[in-house]
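Taking it in order: structure first as structure tokens, then the write-up.
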Amino acid sequence: PLNVAAEYVDRIAKGEIPPRITEAYQGDFNEIKNNLNTLIDVTAENKVRAEEMLRIKGAVEASAAPIVITDKKGVKLLSLNKAFTELFGYSLEAINAAGGLPAIFVNASTGRDCWKSIMSGKTWQDELELRTRDNRIIPATLCSDAVKNEGGEIIGCFGVINDITEQKVVLGAVQELVERAKEGDLSARANVTASGDYKDLVDGINQMMDAIIG
């Protein structure tokens with residue numbers, strides 16, 4: 001039994017997860033077996049949890065949308081992805097030096113409302129204006145919720161940001177076309193740079209206007 005115990009401890013120390021010990025022992029040896037099986041179970045659970053966290057971290061980092069995780073106060077950033085840095089110009093160290101997440105809120109009360117909602121157990125989602133490190137104002141949507149531990153206690157906040165600048169530009173151009181068409185001017189066309197579905201929308205409207213006037 002002692003040899004088995006030594007072998008299992010060595011394998012666990014090397015990062016392996018051996019099968020649970022099923023042999024029957026008596027007295028102190030049985031206690032050692034039970035403790036080793038508990039250690040095996042805990043090690044297996046921790047490995048699964050670590051692998052899950054790695055998958056989540058990979059998905060967050062690969063996301064095209066800026067994603068942040070903050071402390072419970074919603075101020076200090078604990079993690080951010082590449083998309084956040086590319087959009088806002090902040091590294092993790094730089095944004096925390098600038099005051100944390102509140103540094104990107106144009107309206108400070110919006111940030112406070114978001115935090116209060118999360119602390120009350122509600123998901124917060126709205127359209128707002130955010131500020132980049134070089135002081136550009138970006139129209140965006142923010143969806144934010146709580147990060148909880150296994151006991152259900154709130155230990156932080158996370159947020160997913162979507163830059164809707166292109167959406168605003170395209171919809172503004174479309175609205176201008178509509179207003180000019182109402183006034184009888186069918187010569188105008190949407191002349192904006194767009195991509196993806198927004199480009200399809202602009203092209204479709206321009207083609208429709210061409211068809212109308214023959």
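Scheme for the structure tokens: letters A, B, ... for chains in order shown; per-chain residue numbers from 1; ligand numbers from 1 in order shown.
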
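Near Cys114 in chain A, within 12 Å and counting only C-alpha atoms, sit Lys73, Gly74, Val75, Leu101, Pro102, Phe105, Asn107, Ala108, Ser109, Met119, Ser120, Gly121, Lys122, Thr123, Trp124, Gln125, Asp126, Glu127, Leu128, Leu142, Cys143, Ser144, Asp145, Ala146, Cys157, Phe158 and Gly159 of chain A; same-chain residues fewer than 5 positions away were not included.
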
Quiz item: When DSSP works through the backbone of this structure, what residues of range 7-134 of chain A end up as alpha helix (DSSP H), shown as a PyMOL selection string?
Solution: chain A and resi 7-13+27-62+82-88+92-97+108-119

Quiz item: Taking only C-alpha atoms into account, which of A:Asn96, A:Thr110, A:Thr85, A:Thr193 comes nearest Thr132 in chain A?
Solution: A:Thr85

Give me, as a tab-separated table, the closest atom pair and its distance (Å, one decimal) for every residue of range 78-114 of chain A within a cut-off of 8 Å of range 133-139 of chain A, counting only C-alpha atoms, rows sorted by chain and rising number.
residue	atom	partner	partner_atom	distance
A:Phe88	CA	A:Arg133	CA	5.7
A:Gly89	CA	A:Arg133	CA	5.5
A:Tyr90	CA	A:Arg133	CA	6.4
A:Ile104	CA	A:Arg133	CA	7.8
A:Val106	CA	A:Ile137	CA	7.8

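Of the listed residues A:Val169, A:Ala6, A:Leu87, A:Val147, the one whose atoms come nearest to Ile32 in chain A is A:Ala6, with distances taken using only C-alpha atoms.
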
Could you give me, as CSV, every range 93-198 of chain A residue with an atom at most 6 Å from range 61-67 of chain A, plus its closest atom pair and distance in Å to one decimal, counting only C-alpha atoms, rows ordered by chain then number?
residue,atom,partner,partner_atom,distance
A:Gly159,CA,A:Ile67,CA,5.7
A:Val160,CA,A:Ile67,CA,4.6
A:Ile161,CA,A:Pro66,CA,5.3
A:Asn162,CA,A:Ala65,CA,5.9

Go ahead and dump the residues you just picked, C-alpha atoms, as a CSV table (one decimal), in the first residue's frame.
chain,number,residue,atom,x,y,z
A,159,GLY,CA,-18.5,43.7,-20.5
A,160,VAL,CA,-18.8,43.1,-24.3
A,161,ILE,CA,-18.6,46.2,-26.4
A,162,ASN,CA,-19.7,46.7,-30.0

Practice problem: Based on DSSP run over this structure's backbone, return all residues of chain A in strand (DSSP E or B), as an MDAnalysis selection string. | Solution: chainID A and resid 67:70 77:80 105 124:131 137:148 154:163

Self-check item: Using only C-alpha atoms: which of A:Glu16, A:Ile21, A:Glu179, A:Ile155 has the shortest distance to Ile69 in chain A
Solution: A:Ile155

Report as a PDB file with N, CA, C and O atoms, in the first residue's frame all protein, DNA and RNA residues lying within 8 Å of Leu186 in chain A, evaluated on only C-alpha atoms, omitting residues in the same chain fewer than 4 positions from it.
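Produced file result-v9.pdb, reproduced below:
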ATOM      1  N   ARG A 180     -34.633  63.246 -48.700  1.00  0.00           N
ATOM      2  CA  ARG A 180     -34.520  63.924 -49.994  1.00  0.00           C
ATOM      3  C   ARG A 180     -35.524  63.370 -50.997  1.00  0.00           C
ATOM      4  O   ARG A 180     -36.068  64.110 -51.824  1.00  0.00           O
ATOM      5  N   ALA A 181     -35.788  62.049 -50.908  1.00  0.00           N
ATOM      6  CA  ALA A 181     -36.784  61.453 -51.790  1.00  0.00           C
ATOM      7  C   ALA A 181     -38.177  62.008 -51.487  1.00  0.00           C
ATOM      8  O   ALA A 181     -38.977  62.230 -52.395  1.00  0.00           O
ATOM      9  N   MET A 209     -32.765  53.084 -56.121  1.00  0.00           N
ATOM     10  CA  MET A 209     -32.979  54.445 -56.585  1.00  0.00           C
ATOM     11  C   MET A 209     -32.720  54.540 -58.076  1.00  0.00           C
ATOM     12  O   MET A 209     -33.442  55.236 -58.810  1.00  0.00           O
ATOM     13  N   ILE A 213     -35.722  55.715 -61.103  1.00  0.00           N
ATOM     14  CA  ILE A 213     -35.665  56.817 -62.076  1.00  0.00           C
ATOM     15  C   ILE A 213     -35.357  56.296 -63.472  1.00  0.00           C
ATOM     16  O   ILE A 213     -35.279  57.073 -64.442  1.00  0.00           O
TER      17      ILE A 213
END

Quiz item: Out of A:Leu130, A:Ala24, A:Leu80, A:Val178, which residue has the shortest atom-to-atom distance to Thr165 in chain A when counting only C-alpha atoms?
Solution: A:Leu130

Quiz item: CA of Ser187 in chain A and CA of Gln207 in chain A, how far apart in Å?
Solution: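 We find that CA of Gln207 in chain A and CA of Ser187 in chain A lie 11.9 Å from each other.
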
Practice problem: Take CA of Gly15 in chain A and CA of Leu36 in chain A and report the distance between them in Å, one decimal. | Solution: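 One can read the CA of Gly15 in chain A to CA of Leu36 in chain A distance as 14.5 Å.
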